[in-house]
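Shown here: final24.pdb, PDB, N, CA and C atoms.
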```
ATOM      1  N   MET A 914     -66.945 -23.231   0.427
ATOM      2  CA  MET A 914     -65.905 -22.204   0.398
ATOM      3  C   MET A 914     -64.692 -22.650  -0.404
ATOM      4  N   GLY A 915     -64.711 -23.857  -0.927
ATOM      5  CA  GLY A 915     -63.568 -24.350  -1.682
ATOM      6  C   GLY A 915     -62.839 -25.450  -0.958
ATOM      7  N   ARG A 916     -61.813 -25.991  -1.606
ATOM      8  CA  ARG A 916     -61.073 -27.117  -1.037
ATOM      9  C   ARG A 916     -59.749 -26.711  -0.403
ATOM     10  N   GLY A 917     -59.470 -25.418  -0.338
ATOM     11  CA  GLY A 917     -58.215 -24.978   0.262
ATOM     12  C   GLY A 917     -58.299 -24.918   1.782
ATOM     13  N   ARG A 918     -57.182 -24.723   2.415
ATOM     14  CA  ARG A 918     -57.099 -24.659   3.867
ATOM     15  C   ARG A 918     -57.765 -23.402   4.424
ATOM     16  N   GLU A 919     -57.837 -22.351   3.630
ATOM     17  CA  GLU A 919     -58.393 -21.088   4.134
ATOM     18  C   GLU A 919     -59.869 -21.200   4.485
ATOM     19  N   GLY A 920     -60.637 -22.000   3.726
ATOM     20  CA  GLY A 920     -62.067 -22.175   4.018
ATOM     21  C   GLY A 920     -62.297 -22.745   5.408
ATOM     22  N   PRO A 921     -61.740 -23.938   5.713
ATOM     23  CA  PRO A 921     -61.914 -24.495   7.049
ATOM     24  C   PRO A 921     -61.319 -23.592   8.143
ATOM     25  N   LYS A 922     -60.215 -22.949   7.842
ATOM     26  CA  LYS A 922     -59.586 -22.065   8.826
ATOM     27  C   LYS A 922     -60.528 -20.909   9.186
ATOM     28  N   GLN A 923     -61.148 -20.330   8.171
ATOM     29  CA  GLN A 923     -62.077 -19.218   8.392
ATOM     30  C   GLN A 923     -63.337 -19.713   9.101
ATOM     31  N   PHE A 924     -63.893 -20.815   8.630
ATOM     32  CA  PHE A 924     -65.135 -21.341   9.179
ATOM     33  C   PHE A 924     -64.974 -21.781  10.634
ATOM     34  N   LEU A 925     -63.873 -22.488  10.937
ATOM     35  CA  LEU A 925     -63.684 -23.028  12.284
ATOM     36  C   LEU A 925     -63.127 -22.010  13.270
ATOM     37  N   GLY A 926     -62.426 -21.027  12.757
ATOM     38  CA  GLY A 926     -61.862 -20.012  13.648
ATOM     39  C   GLY A 926     -61.029 -20.641  14.749
ATOM     40  N   ARG A 927     -61.388 -20.363  16.001
ATOM     41  CA  ARG A 927     -60.662 -20.895  17.166
ATOM     42  C   ARG A 927     -61.455 -22.026  17.830
ATOM     43  N   TYR A 928     -62.207 -22.784  17.034
ATOM     44  CA  TYR A 928     -63.040 -23.872  17.546
ATOM     45  C   TYR A 928     -62.221 -24.777  18.447
ATOM     46  N   GLU A 929     -62.798 -25.182  19.580
ATOM     47  CA  GLU A 929     -62.066 -25.973  20.577
ATOM     48  C   GLU A 929     -62.696 -27.338  20.850
ATOM     49  N   GLY A 930     -63.681 -27.768  20.074
ATOM     50  CA  GLY A 930     -64.330 -29.057  20.329
ATOM     51  C   GLY A 930     -63.697 -30.181  19.533
ATOM     52  N   ILE A 931     -64.489 -31.205  19.270
ATOM     53  CA  ILE A 931     -64.047 -32.360  18.488
ATOM     54  C   ILE A 931     -64.438 -32.131  17.032
ATOM     55  N   LEU A 932     -63.488 -32.304  16.137
ATOM     56  CA  LEU A 932     -63.733 -32.162  14.707
ATOM     57  C   LEU A 932     -63.475 -33.510  14.044
ATOM     58  N   GLN A 933     -64.542 -34.154  13.557
ATOM     59  CA  GLN A 933     -64.400 -35.429  12.863
ATOM     60  C   GLN A 933     -64.382 -35.153  11.372
ATOM     61  N   THR A 934     -63.320 -35.594  10.721
ATOM     62  CA  THR A 934     -63.168 -35.360   9.286
ATOM     63  C   THR A 934     -62.710 -36.635   8.590
ATOM     64  N   ASP A 935     -62.574 -36.534   7.289
ATOM     65  CA  ASP A 935     -62.098 -37.653   6.482
ATOM     66  C   ASP A 935     -60.580 -37.655   6.331
ATOM     67  N   GLY A 936     -59.899 -36.807   7.068
ATOM     68  CA  GLY A 936     -58.447 -36.748   6.979
ATOM     69  C   GLY A 936     -57.940 -35.810   5.901
ATOM     70  N   TYR A 937     -58.845 -35.083   5.253
ATOM     71  CA  TYR A 937     -58.446 -34.137   4.217
ATOM     72  C   TYR A 937     -57.455 -33.121   4.800
ATOM     73  N   ALA A 938     -56.361 -32.910   4.108
ATOM     74  CA  ALA A 938     -55.280 -32.047   4.603
ATOM     75  C   ALA A 938     -55.723 -30.609   4.850
ATOM     76  N   GLY A 939     -56.815 -30.182   4.233
ATOM     77  CA  GLY A 939     -57.320 -28.830   4.448
ATOM     78  C   GLY A 939     -57.715 -28.569   5.896
ATOM     79  N   TYR A 940     -57.918 -29.637   6.664
ATOM     80  CA  TYR A 940     -58.283 -29.482   8.072
ATOM     81  C   TYR A 940     -57.072 -29.506   9.006
ATOM     82  N   ASP A 941     -55.890 -29.702   8.461
ATOM     83  CA  ASP A 941     -54.676 -29.654   9.288
ATOM     84  C   ASP A 941     -54.444 -28.224   9.757
ATOM     85  N   ARG A 942     -53.987 -28.086  10.953
ATOM     86  CA  ARG A 942     -53.602 -26.784  11.532
ATOM     87  C   ARG A 942     -54.731 -25.753  11.462
ATOM     88  N   VAL A 943     -55.951 -26.196  11.759
ATOM     89  CA  VAL A 943     -57.083 -25.276  11.874
ATOM     90  C   VAL A 943     -57.660 -25.404  13.276
ATOM     91  N   GLY A 944     -58.495 -24.463  13.672
ATOM     92  CA  GLY A 944     -59.127 -24.501  14.980
ATOM     93  C   GLY A 944     -58.206 -24.021  16.080
ATOM     94  N   GLY A 945     -58.737 -24.044  17.283
ATOM     95  CA  GLY A 945     -57.979 -23.600  18.447
ATOM     96  C   GLY A 945     -57.033 -24.676  18.952
ATOM     97  N   PRO A 946     -56.182 -24.328  19.916
ATOM     98  CA  PRO A 946     -55.177 -25.272  20.406
ATOM     99  C   PRO A 946     -55.766 -26.482  21.135
ATOM    100  N   GLU A 947     -57.004 -26.390  21.586
ATOM    101  CA  GLU A 947     -57.629 -27.505  22.305
ATOM    102  C   GLU A 947     -58.536 -28.359  21.415
ATOM    103  N   MET A 948     -58.602 -28.023  20.118
ATOM    104  CA  MET A 948     -59.450 -28.808  19.227
ATOM    105  C   MET A 948     -58.884 -30.218  19.088
ATOM    106  N   ILE A 949     -59.773 -31.194  19.063
ATOM    107  CA  ILE A 949     -59.385 -32.594  18.928
ATOM    108  C   ILE A 949     -59.800 -33.070  17.540
ATOM    109  N   HIS A 950     -58.839 -33.569  16.766
ATOM    110  CA  HIS A 950     -59.131 -34.134  15.447
ATOM    111  C   HIS A 950     -59.526 -35.594  15.631
ATOM    112  N   ALA A 951     -60.722 -35.934  15.195
ATOM    113  CA  ALA A 951     -61.204 -37.317  15.268
ATOM    114  C   ALA A 951     -61.294 -37.861  13.844
ATOM    115  N   ALA A 952     -60.769 -39.040  13.658
ATOM    116  CA  ALA A 952     -60.777 -39.646  12.328
ATOM    117  C   ALA A 952     -62.103 -40.337  12.059
ATOM    118  N   CYS A 953     -62.303 -40.732  10.839
ATOM    119  CA  CYS A 953     -63.520 -41.388  10.395
ATOM    120  C   CYS A 953     -63.194 -42.853  10.088
ATOM    121  N   TRP A 954     -63.898 -43.787  10.745
ATOM    122  CA  TRP A 954     -63.647 -45.215  10.535
ATOM    123  C   TRP A 954     -63.907 -45.635   9.093
ATOM    124  N   ALA A 955     -64.907 -45.047   8.462
ATOM    125  CA  ALA A 955     -65.213 -45.440   7.079
ATOM    126  C   ALA A 955     -64.045 -45.130   6.154
ATOM    127  N   HIS A 956     -63.408 -43.993   6.360
ATOM    128  CA  HIS A 956     -62.267 -43.639   5.518
ATOM    129  C   HIS A 956     -61.039 -44.490   5.868
ATOM    130  N   ALA A 957     -60.866 -44.804   7.138
ATOM    131  CA  ALA A 957     -59.749 -45.669   7.536
ATOM    132  C   ALA A 957     -59.929 -47.063   6.923
ATOM    133  N   ARG A 958     -61.154 -47.582   7.004
ATOM    134  CA  ARG A 958     -61.437 -48.909   6.454
ATOM    135  C   ARG A 958     -61.163 -48.944   4.958
ATOM    136  N   ARG A 959     -61.541 -47.873   4.264
ATOM    137  CA  ARG A 959     -61.315 -47.806   2.817
ATOM    138  C   ARG A 959     -59.835 -47.968   2.486
ATOM    139  N   LYS A 960     -58.956 -47.394   3.298
ATOM    140  CA  LYS A 960     -57.515 -47.506   3.028
ATOM    141  C   LYS A 960     -57.042 -48.955   3.138
ATOM    142  N   PHE A 961     -57.617 -49.719   4.086
ATOM    143  CA  PHE A 961     -57.251 -51.136   4.199
ATOM    144  C   PHE A 961     -57.703 -51.911   2.959
ATOM    145  N   TYR A 962     -58.886 -51.594   2.435
ATOM    146  CA  TYR A 962     -59.364 -52.256   1.222
ATOM    147  C   TYR A 962     -58.494 -51.883   0.024
ATOM    148  N   GLN A 963     -58.099 -50.619  -0.061
ATOM    149  CA  GLN A 963     -57.239 -50.188  -1.162
ATOM    150  C   GLN A 963     -55.879 -50.881  -1.079
ATOM    151  N   ALA A 964     -55.346 -51.015   0.123
ATOM    152  CA  ALA A 964     -54.058 -51.697   0.291
ATOM    153  C   ALA A 964     -54.170 -53.163  -0.123
ATOM    154  N   ALA A 965     -55.279 -53.801   0.205
ATOM    155  CA  ALA A 965     -55.468 -55.214  -0.159
ATOM    156  C   ALA A 965     -55.544 -55.386  -1.666
ATOM    157  N   LYS A 966     -56.137 -54.423  -2.360
ATOM    158  CA  LYS A 966     -56.193 -54.505  -3.825
ATOM    159  C   LYS A 966     -54.800 -54.380  -4.428
ATOM    160  N   LEU A 967     -53.978 -53.522  -3.841
ATOM    161  CA  LEU A 967     -52.619 -53.331  -4.358
ATOM    162  C   LEU A 967     -51.713 -54.511  -4.039
ATOM    163  N   HIS A 968     -51.914 -55.118  -2.868
ATOM    164  CA  HIS A 968     -51.048 -56.217  -2.416
ATOM    165  C   HIS A 968     -51.901 -57.335  -1.821
ATOM    166  N   PRO A 969     -52.610 -58.095  -2.640
ATOM    167  CA  PRO A 969     -53.539 -59.115  -2.140
ATOM    168  C   PRO A 969     -52.883 -60.178  -1.259
ATOM    169  N   ALA A 970     -51.604 -60.452  -1.474
ATOM    170  CA  ALA A 970     -50.939 -61.485  -0.681
ATOM    171  C   ALA A 970     -50.563 -61.007   0.719
ATOM    172  N   ASP A 971     -50.569 -59.721   0.935
ATOM    173  CA  ASP A 971     -50.219 -59.160   2.240
ATOM    174  C   ASP A 971     -51.498 -59.058   3.080
ATOM    175  N   ALA A 972     -51.672 -59.975   3.987
ATOM    176  CA  ALA A 972     -52.919 -60.078   4.751
ATOM    177  C   ALA A 972     -52.895 -59.296   6.063
ATOM    178  N   ARG A 973     -51.866 -58.482   6.300
ATOM    179  CA  ARG A 973     -51.781 -57.792   7.594
ATOM    180  C   ARG A 973     -52.975 -56.890   7.880
ATOM    181  N   GLY A 974     -53.589 -56.309   6.867
ATOM    182  CA  GLY A 974     -54.709 -55.403   7.086
ATOM    183  C   GLY A 974     -56.054 -56.085   7.209
ATOM    184  N   TYR A 975     -56.136 -57.374   6.862
ATOM    185  CA  TYR A 975     -57.424 -58.055   6.876
ATOM    186  C   TYR A 975     -58.092 -58.068   8.248
ATOM    187  N   PRO A 976     -57.378 -58.366   9.321
ATOM    188  CA  PRO A 976     -58.042 -58.354  10.635
ATOM    189  C   PRO A 976     -58.586 -56.972  11.003
ATOM    190  N   HIS A 977     -57.905 -55.931  10.585
ATOM    191  CA  HIS A 977     -58.369 -54.573  10.895
ATOM    192  C   HIS A 977     -59.685 -54.280  10.189
ATOM    193  N   ARG A 978     -59.801 -54.713   8.947
ATOM    194  CA  ARG A 978     -61.056 -54.515   8.217
ATOM    195  C   ARG A 978     -62.191 -55.215   8.947
ATOM    196  N   GLY A 979     -61.947 -56.432   9.389
ATOM    197  CA  GLY A 979     -62.974 -57.181  10.114
ATOM    198  C   GLY A 979     -63.370 -56.496  11.410
ATOM    199  N   SER A 980     -62.377 -55.978  12.127
ATOM    200  CA  SER A 980     -62.673 -55.287  13.387
ATOM    201  C   SER A 980     -63.504 -54.038  13.152
ATOM    202  N   ILE A 981     -63.170 -53.282  12.122
ATOM    203  CA  ILE A 981     -63.933 -52.069  11.810
ATOM    204  C   ILE A 981     -65.362 -52.452  11.418
ATOM    205  N   ASN A 982     -65.510 -53.517  10.646
ATOM    206  CA  ASN A 982     -66.851 -53.976  10.271
ATOM    207  C   ASN A 982     -67.658 -54.365  11.508
ATOM    208  N   GLU A 983     -67.004 -54.999  12.478
ATOM    209  CA  GLU A 983     -67.698 -55.380  13.711
ATOM    210  C   GLU A 983     -68.103 -54.140  14.518
ATOM    211  N   LEU A 984     -67.271 -53.112  14.523
ATOM    212  CA  LEU A 984     -67.648 -51.868  15.197
ATOM    213  C   LEU A 984     -68.864 -51.241  14.516
ATOM    214  N   PHE A 985     -68.888 -51.277  13.178
ATOM    215  CA  PHE A 985     -70.052 -50.769  12.446
ATOM    216  C   PHE A 985     -71.302 -51.578  12.805
ATOM    217  N   ALA A 986     -71.142 -52.890  12.999
ATOM    218  CA  ALA A 986     -72.285 -53.743  13.342
ATOM    219  C   ALA A 986     -72.849 -53.376  14.722
ATOM    220  N   ILE A 987     -71.976 -52.993  15.644
ATOM    221  CA  ILE A 987     -72.431 -52.548  16.970
ATOM    222  C   ILE A 987     -73.330 -51.324  16.802
ATOM    223  N   ASP A 988     -72.891 -50.373  16.009
ATOM    224  CA  ASP A 988     -73.696 -49.168  15.781
ATOM    225  C   ASP A 988     -75.006 -49.494  15.063
ATOM    226  N   ALA A 989     -74.968 -50.447  14.148
ATOM    227  CA  ALA A 989     -76.193 -50.831  13.439
ATOM    228  C   ALA A 989     -77.209 -51.417  14.426
ATOM    229  N   ARG A 990     -76.726 -52.246  15.363
ATOM    230  CA  ARG A 990     -77.627 -52.795  16.382
ATOM    231  C   ARG A 990     -78.187 -51.690  17.263
ATOM    232  N   ALA A 991     -77.363 -50.722  17.615
ATOM    233  CA  ALA A 991     -77.824 -49.607  18.450
ATOM    234  C   ALA A 991     -78.904 -48.810  17.726
ATOM    235  N   ARG A 992     -78.705 -48.576  16.424
ATOM    236  CA  ARG A 992     -79.720 -47.853  15.646
ATOM    237  C   ARG A 992     -81.014 -48.657  15.569
ATOM    238  N   ALA A 993     -80.890 -49.959  15.312
ATOM    239  CA  ALA A 993     -82.077 -50.815  15.195
ATOM    240  C   ALA A 993     -82.864 -50.849  16.506
ATOM    241  N   GLN A 994     -82.140 -50.787  17.625
ATOM    242  CA  GLN A 994     -82.792 -50.799  18.940
ATOM    243  C   GLN A 994     -83.239 -49.401  19.364
ATOM    244  N   LYS A 995     -82.920 -48.399  18.533
ATOM    245  CA  LYS A 995     -83.267 -47.005  18.819
ATOM    246  C   LYS A 995     -82.769 -46.565  20.203
ATOM    247  N   LEU A 996     -81.523 -46.928  20.494
ATOM    248  CA  LEU A 996     -80.928 -46.579  21.780
ATOM    249  C   LEU A 996     -80.646 -45.087  21.859
ATOM    250  N   ASP A 997     -80.809 -44.526  23.046
ATOM    251  CA  ASP A 997     -80.433 -43.122  23.242
ATOM    252  C   ASP A 997     -78.907 -43.036  23.339
ATOM    253  N   HIS A 998     -78.405 -41.825  23.430
ATOM    254  CA  HIS A 998     -76.956 -41.615  23.412
ATOM    255  C   HIS A 998     -76.250 -42.400  24.523
ATOM    256  N   THR A 999     -76.790 -42.351  25.734
ATOM    257  CA  THR A 999     -76.147 -43.027  26.871
ATOM    258  C   THR A 999     -76.116 -44.536  26.673
ATOM    259  N   ALA A1000     -77.231 -45.108  26.269
ATOM    260  CA  ALA A1000     -77.295 -46.554  26.055
ATOM    261  C   ALA A1000     -76.408 -46.980  24.896
ATOM    262  N   ARG A1001     -76.369 -46.165  23.843
ATOM    263  CA  ARG A1001     -75.507 -46.472  22.696
ATOM    264  C   ARG A1001     -74.040 -46.469  23.126
ATOM    265  N   HIS A1002     -73.682 -45.482  23.920
ATOM    266  CA  HIS A1002     -72.304 -45.396  24.416
ATOM    267  C   HIS A1002     -71.956 -46.628  25.262
ATOM    268  N   GLN A1003     -72.870 -47.032  26.133
ATOM    269  CA  GLN A1003     -72.631 -48.217  26.970
ATOM    270  C   GLN A1003     -72.457 -49.469  26.116
ATOM    271  N   LEU A1004     -73.312 -49.620  25.110
ATOM    272  CA  LEU A1004     -73.201 -50.776  24.218
ATOM    273  C   LEU A1004     -71.858 -50.773  23.500
ATOM    274  N   ARG A1005     -71.467 -49.624  22.984
ATOM    275  CA  ARG A1005     -70.170 -49.520  22.297
ATOM    276  C   ARG A1005     -69.028 -49.894  23.228
ATOM    277  N   GLN A1006     -69.046 -49.346  24.427
ATOM    278  CA  GLN A1006     -67.961 -49.619  25.366
ATOM    279  C   GLN A1006     -67.886 -51.107  25.697
ATOM    280  N   GLN A1007     -69.012 -51.703  25.983
ATOM    281  CA  GLN A1007     -69.047 -53.124  26.347
ATOM    282  C   GLN A1007     -68.591 -54.008  25.194
ATOM    283  N   GLU A1008     -69.184 -53.815  24.030
ATOM    284  CA  GLU A1008     -68.898 -54.712  22.917
ATOM    285  C   GLU A1008     -67.553 -54.420  22.259
ATOM    286  N   ALA A1009     -67.146 -53.162  22.189
ATOM    287  CA  ALA A1009     -65.838 -52.840  21.612
ATOM    288  C   ALA A1009     -64.728 -53.374  22.501
ATOM    289  N   ASN A1010     -64.915 -53.321  23.807
ATOM    290  CA  ASN A1010     -63.909 -53.883  24.713
ATOM    291  C   ASN A1010     -63.819 -55.388  24.544
ATOM    292  N   THR A1011     -64.939 -56.043  24.292
ATOM    293  CA  THR A1011     -64.933 -57.481  24.032
ATOM    294  C   THR A1011     -64.137 -57.773  22.765
ATOM    295  N   LEU A1012     -64.338 -56.953  21.716
ATOM    296  CA  LEU A1012     -63.578 -57.110  20.471
ATOM    297  C   LEU A1012     -62.083 -56.930  20.729
ATOM    298  N   ALA A1013     -61.744 -55.913  21.501
ATOM    299  CA  ALA A1013     -60.332 -55.624  21.781
ATOM    300  C   ALA A1013     -59.687 -56.786  22.532
ATOM    301  N   GLY A1014     -60.414 -57.359  23.467
ATOM    302  CA  GLY A1014     -59.884 -58.503  24.219
ATOM    303  C   GLY A1014     -59.679 -59.727  23.363
ATOM    304  N   ARG A1015     -60.544 -59.903  22.366
ATOM    305  CA  ARG A1015     -60.449 -61.033  21.464
ATOM    306  C   ARG A1015     -59.242 -60.934  20.551
ATOM    307  N   SER A1016     -58.893 -59.711  20.155
ATOM    308  CA  SER A1016     -57.800 -59.548  19.187
ATOM    309  C   SER A1016     -56.456 -59.346  19.863
ATOM    310  N   ALA A1017     -56.447 -59.278  21.182
ATOM    311  CA  ALA A1017     -55.184 -59.051  21.906
ATOM    312  C   ALA A1017     -54.332 -60.291  21.930
TER
END
```
With the file now loaded, output its structure as structure tokens.
Amino acid sequence: MGRGREGPKQFLGRYEGILQTDGYAGYDRVGGPEMIHAACWAHARRKFYQAAKLHPADARGYPHRGSINELFAIDARARAQKLDHTARHQLRQQEANTLAGRSA
């Protein structure tokens, strides 16, 4: 429907669920009041890599890139084990909490 805001607005209408996007501004202010905007880790990670290219001496984003890569590795293990939704969720919760505790 195009890259303007009207396409997503028309398509989503009063949608009230979770909408995962790449952060494209066309998805701002669309959907119903209860819609939850969920970000995409791949796009977030890309911004850390772009920042590192612009400012290689500024290492503040490096740990975040590593953490996102570790979260991706959890999902890769879940796919390899062919876990169902419930088991995948449990694995994510257990291992992501371990990551969070390590970086605290």
* Asked: Where in segment 915-1011 of chain A does DSSP assign alpha helix (DSSP H), given as an NGL selection string?
  -> :A and (919-925 or 954-967 or 975-993 or 998-1011)
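Of all the residues in chain A, the ones DSSP labels as strand (DSSP E or B) from the backbone are Ile931, Leu932, Gln933, Ile949, His950 and Ala951 of chain A.
Atom pair atom CA of Gly939 of chain A / atom N of Arg918 of chain A has a distance of 4.6 Å (rounded to one decimal).
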* Asked: Between atom C of Lys922 of chain A and atom C of Ala957 of chain A, what is the distance, to one decimal in Å?
  -> 26.3 Å
Once 3 Å is added on each side, what centre and edge lengths in Å to one decimal does the axis-aligned box around all listed atoms of segment 965-983 of chain A have, as lines of an AutoDock Vina configuration file?
```
center_x = -59.2
center_y = -56.8
center_z = 5.0
size_x = 23.9
size_y = 15.4
size_z = 24.9
```
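Excluding Asn982 of chain A itself and any same-chain residue fewer than 5 positions from it, the protein and nucleic acid residues within 12 Å of it, counting only C-alpha atoms, are Trp954, Ala955, Ala957, Arg958, Arg959, Phe961, Tyr962, Tyr975, Pro976, His977, Ile987, Asp988, Ala989, Ala1009 and Leu1012 of chain A.
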* Expanded to explicit residues, what is the PyMOL selection byres ((chain A and resi 924-932) around 7) for this file, as a PyMOL selection string? -> chain A and resi 919-923+933-934+943-952
* Tell me which of A:Asp935, A:Ala986, A:Lys995, A:Lys960 sits closest to Gly974 of chain A, counting all atoms listed in the file. => A:Lys960
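Pairwise distance (atom CA of Ala938 of chain A, atom CA of His956 of chain A) equals 13.6 Å.
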